>>> print(open('coords_22.tsv').read())   # TSV, C-alpha atoms
chain	number	residue	atom	x	y	z
A	652	MET	CA	-57.53	81.34	36.55
A	653	THR	CA	-57.65	81.26	40.34
A	654	ASP	CA	-54.72	82.07	42.58
A	655	ALA	CA	-54.38	78.39	43.50
A	656	GLU	CA	-54.31	77.35	39.84
A	657	LEU	CA	-51.77	80.05	39.05
A	658	GLU	CA	-49.56	78.99	41.94
A	659	GLN	CA	-49.77	75.34	40.84
A	660	LYS	CA	-48.82	76.30	37.25
A	661	VAL	CA	-45.83	78.38	38.47
A	662	ASN	CA	-44.68	75.51	40.71
A	663	GLU	CA	-44.90	73.08	37.79
A	664	LEU	CA	-42.88	75.40	35.53
A	665	VAL	CA	-40.24	75.97	38.23
A	666	ALA	CA	-39.95	72.21	38.89
A	667	LYS	CA	-39.65	71.53	35.14
A	668	ARG	CA	-36.92	74.17	34.75
A	669	LEU	CA	-34.99	72.85	37.79
A	670	ALA	CA	-35.10	69.36	36.28
A	671	GLU	CA	-33.78	70.75	32.97
A	672	ILE	CA	-30.96	72.55	34.79
A	673	GLU	CA	-30.00	69.34	36.59
A	674	ILE	CA	-29.93	67.43	33.29
A	675	GLU	CA	-27.76	70.15	31.69
A	676	LYS	CA	-25.39	70.04	34.65
A	677	THR	CA	-25.11	66.24	34.44
A	678	LEU	CA	-24.38	66.42	30.68
A	679	GLN	CA	-21.70	69.08	31.22
A	680	GLU	CA	-20.02	66.96	33.90
A	681	ALA	CA	-20.13	63.89	31.67
A	682	GLN	CA	-18.45	65.83	28.85
A	683	ARG	CA	-15.73	67.26	31.11
A	684	PRO	CA	-12.61	65.09	30.95
A	685	LYS	CA	-11.76	63.11	34.03
A	686	ARG	CA	-8.66	64.30	35.89
A	687	LEU	CA	-6.20	62.33	38.02
A	688	ALA	CA	-3.94	64.13	40.51
A	689	LEU	CA	-1.26	61.95	42.08
A	690	VAL	CA	1.37	62.75	44.69
A	691	ALA	CA	4.38	60.40	44.53
A	692	SER	CA	6.39	60.69	47.75
A	693	LYS	CA	8.43	57.49	47.85
A	694	GLY	CA	11.38	56.56	45.66
A	695	THR	CA	11.86	52.83	45.96
A	696	LEU	CA	11.27	50.47	43.03
A	697	ASP	CA	8.13	49.01	44.59
A	698	MET	CA	6.68	52.47	45.30
A	699	ALA	CA	7.52	53.91	41.87
A	700	TYR	CA	5.19	51.54	40.07
A	701	PRO	CA	1.82	52.46	41.64
A	702	PRO	CA	1.73	56.14	40.59
A	703	LEU	CA	3.18	55.38	37.15
A	704	ILE	CA	0.79	52.49	36.46
A	705	LEU	CA	-2.15	54.67	37.49
A	706	ALA	CA	-0.91	57.67	35.48
A	707	SER	CA	-0.20	55.70	32.30
A	708	THR	CA	-3.55	53.90	32.55
A	709	ALA	CA	-5.43	57.17	33.10
A	710	VAL	CA	-3.89	58.90	30.06
A	711	SER	CA	-4.66	55.78	28.02
A	712	LEU	CA	-8.30	56.25	29.02
A	713	GLY	CA	-8.23	59.89	27.95
A	714	TRP	CA	-7.95	61.40	31.41
A	715	GLU	CA	-6.00	64.53	32.27
A	716	VAL	CA	-3.09	63.50	34.50
A	717	GLY	CA	-0.69	65.30	36.80
A	718	VAL	CA	1.85	63.52	39.00
A	719	PHE	CA	3.56	65.62	41.68
A	720	PHE	CA	6.89	64.12	42.76
A	721	THR	CA	8.02	65.23	46.19
A	722	PHE	CA	10.66	64.21	48.74
A	723	TYR	CA	11.98	60.71	47.89
A	724	GLY	CA	9.51	60.52	45.01
A	725	LEU	CA	11.89	62.86	43.18
A	726	ASP	CA	14.16	59.81	42.73
A	727	ILE	CA	11.62	58.43	40.23
A	728	ILE	CA	12.19	61.38	37.88
A	729	ASN	CA	15.91	61.79	38.61
A	730	LYS	CA	17.74	60.58	35.48
A	731	ASN	CA	20.66	59.33	37.60
A	732	LYS	CA	18.54	57.49	40.17
A	733	LEU	CA	15.65	56.12	38.08
A	734	PRO	CA	17.66	53.22	36.59
A	735	LYS	CA	19.01	52.32	40.04
A	736	LEU	CA	15.81	52.25	42.13
A	737	GLN	CA	15.82	49.34	44.56
A	738	VAL	CA	13.60	47.52	47.03
A	739	ALA	CA	14.77	47.52	50.62
A	740	PRO	CA	13.89	44.25	52.37
A	741	ILE	CA	14.47	45.66	55.87
A	742	GLY	CA	11.87	47.99	57.33
A	743	ASN	CA	9.40	46.93	54.66
A	744	PRO	CA	6.60	44.98	56.38
A	745	ALA	CA	5.87	42.96	53.24
A	746	MET	CA	9.47	41.88	52.77
A	747	PRO	CA	11.12	39.56	52.53
A	748	ALA	CA	8.58	37.78	50.43
A	749	PRO	CA	7.77	34.11	50.93
A	750	ILE	CA	9.81	31.54	49.03
A	751	PRO	CA	7.66	30.29	46.10
A	752	ALA	CA	8.79	26.69	46.57
A	753	LEU	CA	7.81	26.86	50.26
A	754	PRO	CA	4.67	29.05	50.35
A	755	SER	CA	4.00	28.48	54.06
A	756	PHE	CA	7.57	29.49	55.02
A	757	GLN	CA	8.27	33.22	55.46
A	758	VAL	CA	11.89	34.34	55.37
A	759	PRO	CA	12.55	36.10	58.69
A	760	ASN	CA	12.78	39.90	58.44
A	761	PHE	CA	16.22	40.06	60.09
A	762	VAL	CA	17.66	38.36	56.99
A	763	GLY	CA	17.17	41.74	55.26
A	764	VAL	CA	20.16	43.22	57.10
A	765	LEU	CA	22.57	40.72	55.57
A	766	PRO	CA	24.91	42.12	52.90
A	767	GLY	CA	23.55	41.77	49.38
A	768	MET	CA	19.89	41.44	50.38
A	769	THR	CA	18.77	44.74	48.84
A	770	PRO	CA	20.16	43.85	45.38
A	771	MET	CA	18.67	40.38	45.73
A	772	ALA	CA	15.23	41.73	46.71
A	773	THR	CA	15.44	44.20	43.82
A	774	ALA	CA	16.34	41.46	41.31
A	775	MET	CA	13.54	39.29	42.65
A	776	MET	CA	10.96	42.08	42.26
A	777	LYS	CA	12.20	42.92	38.74
A	778	SER	CA	11.80	39.25	37.80
A	779	TRP	CA	8.20	39.34	39.12
A	780	PHE	CA	7.48	42.39	36.97
A	781	ASP	CA	9.07	40.73	33.93
A	782	ARG	CA	7.07	37.53	34.50
A	783	ALA	CA	3.85	39.57	34.78
A	784	ASN	CA	4.73	41.54	31.60
A	785	ILE	CA	4.75	44.84	33.51
A	786	PRO	CA	6.63	47.44	31.48
A	787	PRO	CA	9.77	49.06	32.88
A	788	LEU	CA	9.36	52.36	34.72
A	789	GLN	CA	10.76	54.39	31.82
A	790	ASP	CA	8.10	52.94	29.49
A	791	LEU	CA	5.33	53.94	31.92
A	792	ILE	CA	6.81	57.44	32.14
A	793	ASP	CA	6.95	57.66	28.34
A	794	VAL	CA	3.32	56.52	27.96
A	795	THR	CA	2.23	59.09	30.53
A	796	ARG	CA	4.12	61.96	28.86
A	797	GLU	CA	3.18	60.96	25.30
A	798	GLY	CA	-0.46	60.74	26.39
A	799	GLY	CA	-0.38	64.34	27.59
A	800	GLY	CA	0.20	63.63	31.27
A	801	HIS	CA	2.22	66.09	33.30
A	802	LEU	CA	5.12	65.16	35.56
A	803	TYR	CA	5.75	67.85	38.18
A	804	ALA	CA	8.84	68.09	40.36
A	805	CYS	CA	8.14	69.86	43.67
A	806	THR	CA	10.40	72.92	43.66
A	807	THR	CA	10.40	73.20	47.45
A	808	THR	CA	11.58	69.66	48.07
A	809	MET	CA	14.03	69.81	45.17
A	810	GLY	CA	15.98	72.24	47.32
A	811	VAL	CA	15.60	70.09	50.42
A	812	MET	CA	16.72	66.93	48.60
A	813	GLY	CA	19.54	68.60	46.67
A	814	VAL	CA	17.97	67.99	43.25
A	815	ASN	CA	18.66	70.40	40.39
A	816	GLU	CA	16.60	70.79	37.24
A	817	SER	CA	19.53	69.30	35.30
A	818	ASN	CA	19.10	66.06	37.32
A	819	LEU	CA	15.55	65.51	36.03
A	820	ILE	CA	14.47	63.33	33.14
A	821	GLU	CA	13.18	65.00	30.00
A	822	GLY	CA	9.69	66.45	30.12
A	823	VAL	CA	9.45	67.12	33.87
A	824	GLU	CA	8.02	70.50	34.85
A	825	CYS	CA	9.23	72.18	38.04
A	826	ARG	CA	6.24	73.48	40.00
A	827	GLY	CA	5.48	74.53	43.52
A	828	ALA	CA	2.76	73.10	45.73
A	829	ALA	CA	0.39	75.99	44.94
A	830	ALA	CA	0.53	75.28	41.20
A	831	PHE	CA	-0.13	71.58	41.75
A	832	LEU	CA	-3.01	72.32	44.11
A	833	GLU	CA	-4.56	74.44	41.38
A	834	PHE	CA	-4.44	71.38	39.08
A	835	ALA	CA	-5.62	69.02	41.84
A	836	ALA	CA	-8.56	71.25	42.77
A	837	GLY	CA	-10.31	70.11	39.58
A	838	ALA	CA	-9.40	66.44	39.96
A	839	THR	CA	-11.95	63.68	39.67
A	840	VAL	CA	-9.53	61.43	41.58
A	841	ALA	CA	-6.69	62.57	43.87
A	842	LEU	CA	-4.27	60.11	45.49
A	843	PHE	CA	-1.22	60.32	47.74
A	844	ILE	CA	1.27	57.49	47.27
>>> encode(input="coords_22.tsv", output="structure tokens")
Amino acid sequence: MTDAELEQKVNELVAKRLAEIEIEKTLQEAQRPKRLALVASKGTLDMAYPPLILASTAVSLGWEVGVFFTFYGLDIINKNKLPKLQVAPIGNPAMPAPIPALPSFQVPNFVGVLPGMTPMATAMMKSWFDRANIPPLQDLIDVTREGGGHLYACTTTMGVMGVNESNLIEGVECRGAAAFLEFAAGATVALFI
């Protein structure tokens, strides 16, 4: 066998082995469970749904899930505040919503400062969720927890926001940012809401 033939044979074997390694790597990645890392930073009714819908859907699909609640997002996992989350019509660029009977008419934003508008906007949004058969927040939390998802309360912002562990709903783990980042480092999808 000449040197050129030997070199060609070695190159073919190396190329074949590299292709095998790439296939093995792809199979390992396909077998690794997908992981969702969410940061929930807002505590209004309309901003509580996105992370909980995503988390409950992901665990239903067999994904690993971790939701890190920080700053006002702690309200979502606060047992005293969760049932009272509201939608503020003022300062919310999408509110107030158009009147269904008059789709081309938009209620002026200044109407949001009138007394009683926050409860009205909250009731309106809850009726939209009911009409669309969207489960209540507590149900989405339960699905996430029962599916193996983790709910993390940010220990740093718990102190800032005056939240104690006794204020939290059942099943919430208190973790610092470093612990959540360790979880998020292996995430397939990471989102800040």
>>> residues_around(input="coords_22.tsv", residues="A:Ile704", least_positions_apart="4", cutoff="8 Å", atoms="only C-alpha atoms", output="list in words")
Tyr700, Thr708 and Leu791 of chain A
>>> write_last_selection(input="coords_22.tsv", atoms="C-alpha atoms", output="tab-separated table (two decimals), in the coordinates of the input")
chain	number	residue	atom	x	y	z
A	700	TYR	CA	5.19	51.54	40.07
A	708	THR	CA	-3.55	53.90	32.55
A	791	LEU	CA	5.33	53.94	31.92
>>> atom_distance(input="coords_22.tsv", atom1="atom CA of A:Ala804", atom2="atom CA of A:Val823")
6.6 Å
>>> atom_distance(input="coords_22.tsv", atom1="atom CA of A:Thr795", atom2="atom CA of A:Trp714")
10.5 Å
>>> residues_around(input="coords_22.tsv", residues="A:Gln737", least_positions_apart="5", cutoff="7 Å", atoms="all atoms listed in the file", output="ChimeraX atom specification")
/A:695-696,769,773
>>> atom_distance(input="coords_22.tsv", atom1="atom CA of A:Ile785", atom2="atom CA of A:Val710")
16.9 Å
>>> residues_around(input="coords_22.tsv", residues="A:Lys693", least_positions_apart="2", cutoff="8 Å", atoms="only C-alpha atoms", output="list in words")
Ala691, Thr695, Met698, Ala699, Thr721, Phe722, Tyr723, Gly724, Leu725 and Ile844 of chain A
